[in-house]
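Engineer: Next comes the structure file query.pdb, holding PDB, C-alpha atoms, pLDDT in the B column.
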MODEL        1
ATOM      1  CA  MET A  33     184.819  75.151 185.001  1.00 76.00           C
ATOM      2  CA  PHE A  34     184.045  78.505 183.374  1.00 81.00           C
ATOM      3  CA  ALA A  35     184.703  80.324 186.646  1.00 84.00           C
ATOM      4  CA  GLU A  36     188.095  78.609 186.972  1.00 83.00           C
ATOM      5  CA  LEU A  37     188.977  79.612 183.409  1.00 85.00           C
ATOM      6  CA  CYS A  38     188.082  83.253 184.109  1.00 86.00           C
ATOM      7  CA  THR A  39     190.119  83.199 187.318  1.00 87.00           C
ATOM      8  CA  GLY A  40     193.094  81.729 185.492  1.00 85.00           C
ATOM      9  CA  LEU A  41     192.928  84.353 182.748  1.00 86.00           C
ATOM     10  CA  SER A  42     192.672  87.098 185.360  1.00 88.00           C
ATOM     11  CA  ASP A  43     195.743  85.737 187.158  1.00 85.00           C
ATOM     12  CA  LEU A  44     197.685  85.589 183.895  1.00 83.00           C
ATOM     13  CA  HIS A  45     196.770  89.190 183.142  1.00 84.00           C
ATOM     14  CA  THR A  46     197.876  90.272 186.610  1.00 87.00           C
ATOM     15  CA  CYS A  47     201.241  88.520 186.324  1.00 82.00           C
ATOM     16  CA  LEU A  48     202.137  89.010 182.664  1.00 79.00           C
ATOM     17  CA  LEU A  49     200.391  92.137 181.354  1.00 81.00           C
ATOM     18  CA  ALA A  50     199.272  94.434 184.145  1.00 84.00           C
ATOM     19  CA  PRO A  51     202.808  95.508 185.228  1.00 82.00           C
ATOM     20  CA  TYR A  52     203.495  96.772 181.687  1.00 79.00           C
ATOM     21  CA  TRP A  53     200.035  98.061 180.732  1.00 82.00           C
ATOM     22  CA  ASP A  54     201.006 101.750 180.845  1.00 78.00           C
ATOM     23  CA  GLN A  55     203.965 101.057 178.571  1.00 76.00           C
ATOM     24  CA  PHE A  56     201.762  99.115 176.154  1.00 81.00           C
ATOM     25  CA  THR A  57     199.290 101.999 176.094  1.00 80.00           C
ATOM     26  CA  GLU A  58     202.096 104.461 175.468  1.00 76.00           C
ATOM     27  CA  LEU A  59     203.527 102.413 172.601  1.00 78.00           C
ATOM     28  CA  LEU A  60     200.124 101.965 170.955  1.00 82.00           C
ATOM     29  CA  ALA A  61     199.472 105.711 171.220  1.00 80.00           C
ATOM     30  CA  ALA A  62     202.823 106.365 169.541  1.00 78.00           C
ATOM     31  CA  ASP A  63     201.975 103.866 166.802  1.00 82.00           C
ATOM     32  CA  ARG A  64     198.619 105.572 166.226  1.00 83.00           C
ATOM     33  CA  THR A  65     200.396 108.931 165.866  1.00 79.00           C
ATOM     34  CA  LEU A  66     202.830 107.484 163.327  1.00 80.00           C
ATOM     35  CA  ARG A  67     200.109 105.779 161.254  1.00 83.00           C
ATOM     36  CA  MET A  68     197.999 108.944 161.219  1.00 81.00           C
ATOM     37  CA  GLN A  69     200.994 110.943 159.990  1.00 78.00           C
ATOM     38  CA  GLN A  70     201.609 108.385 157.239  1.00 81.00           C
ATOM     39  CA  TRP A  71     197.978 108.601 156.187  1.00 84.00           C
ATOM     40  CA  LEU A  72     197.995 112.416 156.177  1.00 80.00           C
ATOM     41  CA  THR A  73     201.222 112.725 154.171  1.00 80.00           C
ATOM     42  CA  GLY A  74     200.914 109.800 151.768  1.00 83.00           C
ATOM     43  CA  GLY A  75     197.354 108.569 151.975  1.00 86.00           C
ATOM     44  CA  VAL A  76     196.233 104.982 152.274  1.00 85.00           C
ATOM     45  CA  GLU A  77     198.982 103.724 149.958  1.00 86.00           C
ATOM     46  CA  GLN A  78     201.767 104.975 152.237  1.00 85.00           C
ATOM     47  CA  LEU A  79     200.019 103.658 155.324  1.00 87.00           C
ATOM     48  CA  LEU A  80     199.639 100.159 153.878  1.00 87.00           C
ATOM     49  CA  THR A  81     203.152 100.178 152.399  1.00 85.00           C
ATOM     50  CA  GLN A  82     204.868 101.096 155.671  1.00 85.00           C
ATOM     51  CA  ALA A  83     202.704  99.337 158.260  1.00 86.00           C
ATOM     52  CA  ASN A  84     204.471  95.969 157.881  1.00 86.00           C
ATOM     53  CA  PRO A  85     206.722  96.045 154.789  1.00 85.00           C
ATOM     54  CA  GLN A  86     208.406  92.715 155.475  1.00 82.00           C
ATOM     55  CA  TRP A  87     205.158  90.740 155.466  1.00 85.00           C
ATOM     56  CA  MET A  88     202.595  92.989 153.791  1.00 87.00           C
ATOM     57  CA  GLN A  89     202.740  94.720 150.394  1.00 88.00           C
ATOM     58  CA  TRP A  90     200.198  96.992 148.739  1.00 87.00           C
ATOM     59  CA  ASN A  91     199.978  96.498 144.964  1.00 86.00           C
ATOM     60  CA  SER A  92     196.823  98.393 144.110  1.00 83.00           C
ATOM     61  CA  PRO A  93     194.149  97.141 144.203  1.00 84.00           C
ATOM     62  CA  VAL A  94     195.484  94.049 146.043  1.00 88.00           C
ATOM     63  CA  LEU A  95     196.905  93.788 149.572  1.00 87.00           C
ATOM     64  CA  GLU A  96     199.456  90.947 149.486  1.00 89.00           C
ATOM     65  CA  VAL A  97     200.042  89.338 152.879  1.00 88.00           C
ATOM     66  CA  ARG A  98     202.628  86.709 153.843  1.00 82.00           C
ATOM     67  CA  MET A  99     201.197  84.826 156.794  1.00 73.00           C
ATOM     68  CA  VAL A 100     202.495  82.417 159.430  1.00 66.00           C
ATOM     69  CA  GLY A 101     203.682  79.137 157.903  1.00 64.00           C
ATOM     70  CA  GLY A 102     204.674  80.758 154.626  1.00 64.00           C
ATOM     71  CA  ALA A 103     201.120  80.961 153.301  1.00 70.00           C
ATOM     72  CA  ASP A 104     200.317  83.887 151.025  1.00 81.00           C
ATOM     73  CA  ARG A 105     197.041  85.729 151.085  1.00 85.00           C
ATOM     74  CA  ASP A 106     195.799  88.256 148.529  1.00 88.00           C
ATOM     75  CA  LEU A 107     193.035  90.561 149.701  1.00 87.00           C
ATOM     76  CA  TYR A 108     190.908  92.003 146.930  1.00 84.00           C
ATOM     77  CA  LEU A 109     189.085  94.697 148.838  1.00 74.00           C
ATOM     78  CA  ASP A 110     186.847  95.810 145.937  1.00 73.00           C
ATOM     79  CA  GLY A 111     185.993  99.020 147.736  1.00 73.00           C
ATOM     80  CA  GLU A 112     185.286  97.337 151.058  1.00 76.00           C
ATOM     81  CA  GLY A 113     187.091  98.488 154.176  1.00 80.00           C
ATOM     82  CA  PHE A 114     189.222  96.360 156.478  1.00 84.00           C
ATOM     83  CA  LEU A 115     190.560  96.753 160.004  1.00 88.00           C
ATOM     84  CA  LEU A 116     194.274  97.208 160.762  1.00 89.00           C
ATOM     85  CA  ILE A 117     195.091  95.948 164.264  1.00 89.00           C
ATOM     86  CA  PRO A 118     198.427  96.846 165.917  1.00 89.00           C
ATOM     87  CA  SER A 119     199.909  93.957 167.883  1.00 86.00           C
ATOM     88  CA  MET A 120     202.332  94.095 170.796  1.00 81.00           C
ATOM     89  CA  PHE A 121     203.506  90.518 170.349  1.00 78.00           C
ATOM     90  CA  CYS A 122     202.945  89.262 166.804  1.00 76.00           C
ATOM     91  CA  THR A 123     205.591  90.327 164.267  1.00 74.00           C
ATOM     92  CA  ARG A 124     203.957  88.521 161.340  1.00 77.00           C
ATOM     93  CA  ALA A 125     200.756  89.507 159.593  1.00 79.00           C
ATOM     94  CA  VAL A 126     197.624  87.637 160.601  1.00 81.00           C
ATOM     95  CA  VAL A 127     194.414  87.839 158.571  1.00 84.00           C
ATOM     96  CA  THR A 128     191.074  87.130 160.213  1.00 83.00           C
ATOM     97  CA  ASP A 129     188.101  86.659 157.915  1.00 81.00           C
ATOM     98  CA  GLY A 130     184.839  88.379 158.648  1.00 80.00           C
ATOM     99  CA  ARG A 131     183.217  91.727 158.068  1.00 80.00           C
ATOM    100  CA  PRO A 132     185.356  93.670 158.120  1.00 84.00           C
ATOM    101  CA  VAL A 133     188.476  91.614 157.366  1.00 86.00           C
ATOM    102  CA  CYS A 134     191.089  92.146 160.104  1.00 88.00           C
ATOM    103  CA  VAL A 135     194.845  92.344 159.450  1.00 88.00           C
ATOM    104  CA  SER A 136     197.365  92.572 162.296  1.00 87.00           C
ATOM    105  CA  TYR A 137     200.774  94.237 162.160  1.00 87.00           C
ATOM    106  CA  PRO A 138     203.530  94.876 164.761  1.00 85.00           C
ATOM    107  CA  ALA A 139     203.099  98.144 166.654  1.00 83.00           C
ATOM    108  CA  CYS A 140     206.211 100.325 166.174  1.00 70.00           C
ATOM    109  CA  PRO A 141     208.625  97.391 165.795  1.00 60.00           C
ATOM    110  CA  ASP A 142     211.644  99.723 166.125  1.00 56.00           C
ATOM    111  CA  GLN A 143     210.463 100.887 169.550  1.00 53.00           C
ATOM    112  CA  ARG A 144     210.597  98.911 172.799  1.00 43.00           C
ATOM    113  CA  PRO A 145     208.663  99.424 176.021  1.00 43.00           C
ATOM    114  CA  ARG A 146     210.960 100.598 178.783  1.00 41.00           C
ATOM    115  CA  GLU A 147     210.769 100.894 182.519  1.00 35.00           C
ATOM    116  CA  LEU A 148     209.744 104.266 183.915  1.00 31.00           C
ATOM    117  CA  THR A 149     212.683 106.326 185.121  1.00 31.00           C
ATOM    118  CA  ALA A 150     213.403 107.626 188.572  1.00 33.00           C
ATOM    119  CA  LEU A 151     211.402 110.723 187.667  1.00 33.00           C
ATOM    120  CA  ALA A 152     208.285 108.698 188.470  1.00 33.00           C
ATOM    121  CA  SER A 153     208.895 109.458 192.114  1.00 36.00           C
ATOM    122  CA  ALA A 154     209.751 113.071 191.351  1.00 36.00           C
ATOM    123  CA  SER A 155     206.452 113.522 189.519  1.00 36.00           C
ATOM    124  CA  GLY A 156     204.613 112.630 192.681  1.00 38.00           C
ATOM    125  CA  GLN A 157     206.238 115.618 194.371  1.00 39.00           C
ATOM    126  CA  ALA A 158     205.566 117.995 191.496  1.00 37.00           C
ATOM    127  CA  GLY A 159     202.288 119.149 192.959  1.00 37.00           C
ATOM    128  CA  SER A 160     204.121 121.185 195.563  1.00 32.00           C
ATOM    129  CA  SER A 161     207.191 122.253 193.613  1.00 42.00           C
ATOM    130  CA  GLY A 162     205.589 122.587 190.170  1.00 48.00           C
ATOM    131  CA  ALA A 163     206.838 121.273 186.847  1.00 55.00           C
ATOM    132  CA  SER A 164     208.674 124.532 186.180  1.00 56.00           C
ATOM    133  CA  MET A 165     210.699 124.095 189.383  1.00 59.00           C
ATOM    134  CA  LEU A 166     211.708 120.611 188.254  1.00 65.00           C
ATOM    135  CA  LEU A 167     212.242 121.215 184.541  1.00 76.00           C
ATOM    136  CA  GLY A 168     212.699 124.949 184.151  1.00 81.00           C
ATOM    137  CA  ARG A 169     210.255 127.358 182.515  1.00 85.00           C
ATOM    138  CA  THR A 170     211.177 126.809 178.848  1.00 89.00           C
ATOM    139  CA  ARG A 171     211.265 123.021 179.120  1.00 89.00           C
ATOM    140  CA  THR A 172     207.905 123.078 180.883  1.00 88.00           C
ATOM    141  CA  VAL A 173     206.486 125.123 177.999  1.00 90.00           C
ATOM    142  CA  VAL A 174     207.872 122.541 175.556  1.00 92.00           C
ATOM    143  CA  LEU A 175     206.311 119.676 177.525  1.00 91.00           C
ATOM    144  CA  ALA A 176     202.944 121.449 177.742  1.00 89.00           C
ATOM    145  CA  THR A 177     203.051 122.222 174.016  1.00 91.00           C
ATOM    146  CA  ILE A 178     203.626 118.565 173.170  1.00 90.00           C
ATOM    147  CA  ALA A 179     200.736 117.642 175.465  1.00 86.00           C
ATOM    148  CA  GLU A 180     198.440 120.020 173.578  1.00 85.00           C
ATOM    149  CA  TYR A 181     199.680 119.131 170.083  1.00 86.00           C
ATOM    150  CA  GLN A 182     200.331 115.388 170.225  1.00 83.00           C
ATOM    151  CA  GLY A 183     202.366 114.125 167.280  1.00 84.00           C
ATOM    152  CA  CYS A 184     203.834 117.527 166.443  1.00 88.00           C
ATOM    153  CA  SER A 185     207.160 117.695 164.628  1.00 90.00           C
ATOM    154  CA  THR A 186     210.205 119.472 166.043  1.00 93.00           C
ATOM    155  CA  LYS A 187     209.624 122.365 163.638  1.00 92.00           C
ATOM    156  CA  GLU A 188     205.996 122.679 164.718  1.00 91.00           C
ATOM    157  CA  LEU A 189     207.017 122.401 168.361  1.00 93.00           C
ATOM    158  CA  ALA A 190     209.508 125.244 167.983  1.00 93.00           C
ATOM    159  CA  ALA A 191     206.951 127.505 166.304  1.00 92.00           C
ATOM    160  CA  ARG A 192     204.218 126.858 168.875  1.00 91.00           C
ATOM    161  CA  ALA A 193     206.577 127.161 171.859  1.00 91.00           C
ATOM    162  CA  GLY A 194     208.171 130.324 170.476  1.00 91.00           C
ATOM    163  CA  ILE A 195     211.744 129.009 170.488  1.00 92.00           C
ATOM    164  CA  ALA A 196     214.381 128.162 167.880  1.00 92.00           C
ATOM    165  CA  PRO A 197     214.215 124.700 166.217  1.00 92.00           C
ATOM    166  CA  ALA A 198     217.645 123.791 167.609  1.00 93.00           C
ATOM    167  CA  SER A 199     216.471 124.672 171.114  1.00 93.00           C
ATOM    168  CA  ALA A 200     213.255 122.680 170.637  1.00 93.00           C
ATOM    169  CA  SER A 201     215.278 119.659 169.527  1.00 93.00           C
ATOM    170  CA  GLU A 202     217.581 119.945 172.556  1.00 92.00           C
ATOM    171  CA  HIS A 203     214.702 120.239 175.040  1.00 92.00           C
ATOM    172  CA  ALA A 204     212.855 117.349 173.379  1.00 93.00           C
ATOM    173  CA  THR A 205     215.949 115.171 173.721  1.00 92.00           C
ATOM    174  CA  VAL A 206     216.163 115.864 177.453  1.00 90.00           C
ATOM    175  CA  LEU A 207     212.436 115.188 177.949  1.00 91.00           C
ATOM    176  CA  ARG A 208     212.672 111.968 175.937  1.00 90.00           C
ATOM    177  CA  GLU A 209     215.643 110.689 177.937  1.00 88.00           C
ATOM    178  CA  ALA A 210     213.677 111.431 181.120  1.00 86.00           C
ATOM    179  CA  GLY A 211     210.776 109.324 179.844  1.00 86.00           C
ATOM    180  CA  LEU A 212     208.363 112.289 179.676  1.00 88.00           C
ATOM    181  CA  ILE A 213     207.860 112.181 175.908  1.00 90.00           C
ATOM    182  CA  ARG A 214     208.294 109.649 173.123  1.00 88.00           C
ATOM    183  CA  SER A 215     209.669 110.602 169.706  1.00 89.00           C
ATOM    184  CA  LEU A 216     209.241 108.705 166.461  1.00 85.00           C
ATOM    185  CA  ARG A 217     211.055 109.371 163.199  1.00 83.00           C
ATOM    186  CA  HIS A 218     208.839 109.830 160.144  1.00 78.00           C
ATOM    187  CA  ARG A 219     210.797 110.564 156.973  1.00 78.00           C
ATOM    188  CA  ASN A 220     212.912 113.613 157.848  1.00 84.00           C
ATOM    189  CA  SER A 221     210.874 114.643 160.885  1.00 85.00           C
ATOM    190  CA  MET A 222     210.707 113.639 164.537  1.00 88.00           C
ATOM    191  CA  LEU A 223     207.163 113.397 165.891  1.00 90.00           C
ATOM    192  CA  HIS A 224     206.725 113.965 169.620  1.00 90.00           C
ATOM    193  CA  SER A 225     203.980 112.728 171.928  1.00 88.00           C
ATOM    194  CA  LEU A 226     203.447 112.731 175.685  1.00 85.00           C
ATOM    195  CA  THR A 227     204.006 109.623 177.796  1.00 84.00           C
ATOM    196  CA  PRO A 228     201.847 108.708 180.812  1.00 80.00           C
ATOM    197  CA  LEU A 229     204.696 109.886 183.045  1.00 81.00           C
ATOM    198  CA  GLY A 230     204.785 113.273 181.317  1.00 84.00           C
ATOM    199  CA  LEU A 231     201.032 113.631 181.664  1.00 81.00           C
ATOM    200  CA  GLU A 232     201.235 112.695 185.333  1.00 79.00           C
ATOM    201  CA  LEU A 233     203.860 115.364 185.918  1.00 81.00           C
ATOM    202  CA  LEU A 234     201.807 118.087 184.222  1.00 79.00           C
ATOM    203  CA  ASN A 235     198.605 117.062 186.019  1.00 75.00           C
ATOM    204  CA  ALA A 236     200.371 117.008 189.376  1.00 70.00           C
ATOM    205  CA  SER A 237     201.776 120.474 188.734  1.00 65.00           C
ATOM    206  CA  GLU A 238     198.365 121.869 187.775  1.00 57.00           C
ATOM    207  CA  GLY A 239     196.844 120.297 190.854  1.00 53.00           C
ATOM    208  CA  GLY A 240     199.425 122.070 192.996  1.00 46.00           C
TER     209      GLY A 240
ENDMDL
END
Show this structure as structure tokens.
Structural biologist:
Amino acid sequence: MFAELCTGLSDLHTCLLAPYWDQFTELLAADRTLRMQQWLTGGVEQLLTQANPQWMQWNSPVLEVRMVGGADRDLYLDGEGFLLIPSMFCTRAVVTDGRPVCVSYPACPDQRPRELTALASASGQAGSSGASMLLGRTRTVVLATIAEYQGCSTKELAARAGIAPASASEHATVLREAGLIRSLRHRNSMLHSLTPLGLELLNASEGG
């Protein structure tokens, strides 16, 4: 019976999750970048305030959580830590008791996983032609800079790549539309991170 259960779960994973696993990984990496930026700029209060504002509110020293079924839950942390868990599927907050207490929240709810573009096939040929042949020298520098400084803002990207901010924004837009990077808005800044497709393209180019 246990073996049949394991086989069934494996089949479900193969059919429902495996085809989108790279996109899930990409989205969770983008969420991690956003949450780290919130923590760096506004501390724990900003992180807890913005993680799931519709269902979770931070009124120091209490974390107020609206749970499934309309139940309310107040977490008095009293100096104890708790674990924030990004979820791909659950839009409501879920609290799991234990040590530490676990609280789920939706990972980047304004973002949606998308299918890889036709550049997926082009990246497989990049080993012979090189990323610079496909993207151009400046755009390749921008892509490599984002790979090295994940989560950098457009202003930081421009400074590190040695180009004007307007040019950095334009190149980032092209790379984002090609599926090579993902950009998230945080306050007045756009934060850029590499996608698996972008990494594959750079690795293939270096291998060539």
Engineer: Residues of region 189-235 of chain A within 9 Å of region 66-73 of chain A: nearest atom pair and distance (Å, one decimal) for each, counting only C-alpha atoms, sorted by chain and number, as JSON lines?
Structural biologist:
{"residue": "A:Leu216", "atom": "CA", "partner": "A:Leu66", "partner_atom": "CA", "distance": 7.2}
{"residue": "A:Arg217", "atom": "CA", "partner": "A:Leu66", "partner_atom": "CA", "distance": 8.4}
{"residue": "A:His218", "atom": "CA", "partner": "A:Leu66", "partner_atom": "CA", "distance": 7.2}
{"residue": "A:Leu223", "atom": "CA", "partner": "A:Leu66", "partner_atom": "CA", "distance": 7.8}
Engineer: Selection in question (the file shown): the PyMOL selection byres ((chain A and resi 105) around 10). Which residues does it include, as a tab-separated table (two decimals) with C-alpha atoms, in the coordinates of the input?
Structural biologist:
chain	number	residue	atom	x	y	z
A	88	MET	CA	202.60	92.99	153.79
A	94	VAL	CA	195.48	94.05	146.04
A	95	LEU	CA	196.90	93.79	149.57
A	96	GLU	CA	199.46	90.95	149.49
A	97	VAL	CA	200.04	89.34	152.88
A	98	ARG	CA	202.63	86.71	153.84
A	99	MET	CA	201.20	84.83	156.79
A	102	GLY	CA	204.67	80.76	154.63
A	103	ALA	CA	201.12	80.96	153.30
A	104	ASP	CA	200.32	83.89	151.02
A	106	ASP	CA	195.80	88.26	148.53
A	107	LEU	CA	193.04	90.56	149.70
A	108	TYR	CA	190.91	92.00	146.93
A	126	VAL	CA	197.62	87.64	160.60
A	127	VAL	CA	194.41	87.84	158.57
Engineer: So which residues touch Thr205 (chain A) within 12 Å, counting all atoms listed in the file, skipping near sequence neighbours fewer than 5 positions away, as an MDAnalysis selection string?
Structural biologist: chainID A and resid 171 174:175 186 198:200 210:216 222:224
Engineer: Could you save those same residues with C-alpha atoms as a PDB file, in the coordinates of the input?
Structural biologist:
ATOM      1  CA  ARG A 171     211.265 123.021 179.120  1.00 89.00           C
ATOM      2  CA  VAL A 174     207.872 122.541 175.556  1.00 92.00           C
ATOM      3  CA  LEU A 175     206.311 119.676 177.525  1.00 91.00           C
ATOM      4  CA  THR A 186     210.205 119.472 166.043  1.00 93.00           C
ATOM      5  CA  ALA A 198     217.645 123.791 167.609  1.00 93.00           C
ATOM      6  CA  SER A 199     216.471 124.672 171.114  1.00 93.00           C
ATOM      7  CA  ALA A 200     213.255 122.680 170.637  1.00 93.00           C
ATOM      8  CA  ALA A 210     213.677 111.431 181.120  1.00 86.00           C
ATOM      9  CA  GLY A 211     210.776 109.324 179.844  1.00 86.00           C
ATOM     10  CA  LEU A 212     208.363 112.289 179.676  1.00 88.00           C
ATOM     11  CA  ILE A 213     207.860 112.181 175.908  1.00 90.00           C
ATOM     12  CA  ARG A 214     208.294 109.649 173.123  1.00 88.00           C
ATOM     13  CA  SER A 215     209.669 110.602 169.706  1.00 89.00           C
ATOM     14  CA  LEU A 216     209.241 108.705 166.461  1.00 85.00           C
ATOM     15  CA  MET A 222     210.707 113.639 164.537  1.00 88.00           C
ATOM     16  CA  LEU A 223     207.163 113.397 165.891  1.00 90.00           C
ATOM     17  CA  HIS A 224     206.725 113.965 169.620  1.00 90.00           C
TER      18      HIS A 224
END
Engineer: Using all atoms listed in the file, which protein or nucleic acid residues come within 12 Å of Pro138 (chain A)? Drop anything in the same chain fewer than 4 positions from it, and give the result as a list in words.
Structural biologist: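 Surrounding residues, per the criterion: Leu59, Leu60, Asp63, Arg64, Arg67, Gln82, Ala83, Asn84, Pro85, Gln86, Trp87, Met88, Leu116, Ile117, Pro118, Ser119, Met120, Phe121, Cys122, Thr123, Arg124, Ala125, Val126, Asp142, Gln143 and Arg144 of chain A.
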Engineer: For the point (200.4, 102.9, 178.0) in file coordinates, what residues are within 12 Å, counting all atoms listed in the file? Give the answer as a list in words?
Structural biologist: Leu49, Ala50, Pro51, Tyr52, Trp53, Asp54, Gln55, Phe56, Thr57, Glu58, Leu59, Leu60, Ala61, Ala62, Asp63, Met120, Pro145, Arg146, Glu147, Leu148, Arg214, Leu226, Thr227, Pro228, Leu229, Gly230 and Leu231 of chain A
Engineer: How many Å lie between CA of Val133 (chain A) and CA of Leu80 (chain A), rounded to one decimal?
Structural biologist: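 Straight-line distance from CA of Val133 (chain A) to CA of Leu80 (chain A) works out to 14.5 Å.
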Engineer: Convert the output of the PyMOL selection byres ((chain A and resi 193) around 8) on the shown file into explicit residues, formatted as a ChimeraX atom specification.
Structural biologist: /A:173-174,177,189-192,194-195
Engineer: Rounded to one decimal, what separation in Å do you get between CA of Tyr137 (chain A) and CA of Leu115 (chain A)?
Structural biologist: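 Computing it gives 10.7 Å between the two atoms.
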Engineer: If you take every atom of region 184-202 of chain A that the file lists and fit an axis-aligned box around them with 5 Å extra on each side, what centre and edge lengths come out in Å to one decimal, as lines of an AutoDock Vina configuration file?
Structural biologist:
center_x = 210.7
center_y = 123.9
center_z = 168.1
size_x = 23.8
size_y = 22.8
size_z = 18.9
Engineer: Which residue, A:Ala35, A:Ser225, A:Leu207, A:Asp43, has the smallest gap to Ile178 (chain A) when you use all atoms listed in the file?
Structural biologist: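 Closest candidate: A:Ser225.
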Engineer: N, CA, C and O atoms are needed for region 70-87 of chain A; please write them out as a PDB file, in the coordinates of the input.
Structural biologist:
ATOM      1  N   GLN A  70     201.420 109.038 158.531  1.00 81.00           N
ATOM      2  CA  GLN A  70     201.609 108.385 157.239  1.00 81.00           C
ATOM      3  C   GLN A  70     200.383 108.571 156.354  1.00 81.00           C
ATOM      4  O   GLN A  70     200.503 108.828 155.153  1.00 81.00           O
ATOM      5  N   TRP A  71     199.220 108.455 156.954  1.00 84.00           N
ATOM      6  CA  TRP A  71     197.978 108.601 156.187  1.00 84.00           C
ATOM      7  C   TRP A  71     197.796 110.032 155.706  1.00 84.00           C
ATOM      8  O   TRP A  71     197.374 110.271 154.571  1.00 84.00           O
ATOM      9  N   LEU A  72     198.166 111.016 156.535  1.00 80.00           N
ATOM     10  CA  LEU A  72     197.995 112.416 156.177  1.00 80.00           C
ATOM     11  C   LEU A  72     198.974 112.843 155.090  1.00 80.00           C
ATOM     12  O   LEU A  72     198.640 113.655 154.233  1.00 80.00           O
ATOM     13  N   THR A  73     200.205 112.293 155.127  1.00 80.00           N
ATOM     14  CA  THR A  73     201.222 112.725 154.171  1.00 80.00           C
ATOM     15  C   THR A  73     201.225 111.912 152.884  1.00 80.00           C
ATOM     16  O   THR A  73     201.584 112.432 151.827  1.00 80.00           O
ATOM     17  N   GLY A  74     200.839 110.643 152.962  1.00 83.00           N
ATOM     18  CA  GLY A  74     200.914 109.800 151.768  1.00 83.00           C
ATOM     19  C   GLY A  74     199.672 109.018 151.459  1.00 83.00           C
ATOM     20  O   GLY A  74     199.675 108.188 150.536  1.00 83.00           O
ATOM     21  N   GLY A  75     198.612 109.252 152.238  1.00 86.00           N
ATOM     22  CA  GLY A  75     197.354 108.569 151.975  1.00 86.00           C
ATOM     23  C   GLY A  75     197.384 107.101 152.368  1.00 86.00           C
ATOM     24  O   GLY A  75     198.320 106.621 153.016  1.00 86.00           O
ATOM     25  N   VAL A  76     196.377 106.395 151.918  1.00 85.00           N
ATOM     26  CA  VAL A  76     196.233 104.982 152.274  1.00 85.00           C
ATOM     27  C   VAL A  76     197.396 104.156 151.728  1.00 85.00           C
ATOM     28  O   VAL A  76     197.858 103.217 152.391  1.00 85.00           O
ATOM     29  N   GLU A  77     197.896 104.509 150.555  1.00 86.00           N
ATOM     30  CA  GLU A  77     198.982 103.724 149.958  1.00 86.00           C
ATOM     31  C   GLU A  77     200.220 103.736 150.847  1.00 86.00           C
ATOM     32  O   GLU A  77     200.854 102.704 151.067  1.00 86.00           O
ATOM     33  N   GLN A  78     200.596 104.906 151.371  1.00 85.00           N
ATOM     34  CA  GLN A  78     201.767 104.975 152.237  1.00 85.00           C
ATOM     35  C   GLN A  78     201.528 104.223 153.540  1.00 85.00           C
ATOM     36  O   GLN A  78     202.422 103.525 154.036  1.00 85.00           O
ATOM     37  N   LEU A  79     200.333 104.353 154.081  1.00 87.00           N
ATOM     38  CA  LEU A  79     200.019 103.658 155.324  1.00 87.00           C
ATOM     39  C   LEU A  79     200.160 102.149 155.157  1.00 87.00           C
ATOM     40  O   LEU A  79     200.802 101.477 155.972  1.00 87.00           O
ATOM     41  N   LEU A  80     199.593 101.601 154.098  1.00 87.00           N
ATOM     42  CA  LEU A  80     199.639 100.159 153.878  1.00 87.00           C
ATOM     43  C   LEU A  80     201.040  99.690 153.493  1.00 87.00           C
ATOM     44  O   LEU A  80     201.435  98.569 153.816  1.00 87.00           O
ATOM     45  N   THR A  81     201.803 100.545 152.811  1.00 85.00           N
ATOM     46  CA  THR A  81     203.152 100.178 152.399  1.00 85.00           C
ATOM     47  C   THR A  81     204.103 100.107 153.583  1.00 85.00           C
ATOM     48  O   THR A  81     204.993  99.245 153.636  1.00 85.00           O
ATOM     49  N   GLN A  82     203.917 100.995 154.577  1.00 85.00           N
ATOM     50  CA  GLN A  82     204.868 101.096 155.671  1.00 85.00           C
ATOM     51  C   GLN A  82     204.429 100.398 156.957  1.00 85.00           C
ATOM     52  O   GLN A  82     205.218 100.271 157.891  1.00 85.00           O
ATOM     53  N   ALA A  83     203.193  99.952 157.025  1.00 86.00           N
ATOM     54  CA  ALA A  83     202.704  99.337 158.260  1.00 86.00           C
ATOM     55  C   ALA A  83     203.481  98.071 158.612  1.00 86.00           C
ATOM     56  O   ALA A  83     203.840  97.857 159.772  1.00 86.00           O
ATOM     57  N   ASN A  84     203.756  97.229 157.626  1.00 86.00           N
ATOM     58  CA  ASN A  84     204.471  95.969 157.881  1.00 86.00           C
ATOM     59  C   ASN A  84     205.140  95.525 156.583  1.00 86.00           C
ATOM     60  O   ASN A  84     204.749  94.518 155.976  1.00 86.00           O
ATOM     61  N   PRO A  85     206.163  96.280 156.130  1.00 85.00           N
ATOM     62  CA  PRO A  85     206.722  96.045 154.789  1.00 85.00           C
ATOM     63  C   PRO A  85     207.345  94.678 154.582  1.00 85.00           C
ATOM     64  O   PRO A  85     207.419  94.212 153.446  1.00 85.00           O
ATOM     65  N   GLN A  86     207.775  94.029 155.638  1.00 82.00           N
ATOM     66  CA  GLN A  86     208.406  92.715 155.475  1.00 82.00           C
ATOM     67  C   GLN A  86     207.388  91.630 155.132  1.00 82.00           C
ATOM     68  O   GLN A  86     207.696  90.669 154.422  1.00 82.00           O
ATOM     69  N   TRP A  87     206.157  91.793 155.627  1.00 85.00           N
ATOM     70  CA  TRP A  87     205.158  90.740 155.466  1.00 85.00           C
ATOM     71  C   TRP A  87     203.898  91.202 154.742  1.00 85.00           C
ATOM     72  O   TRP A  87     203.012  90.391 154.493  1.00 85.00           O
TER      73      TRP A  87
END
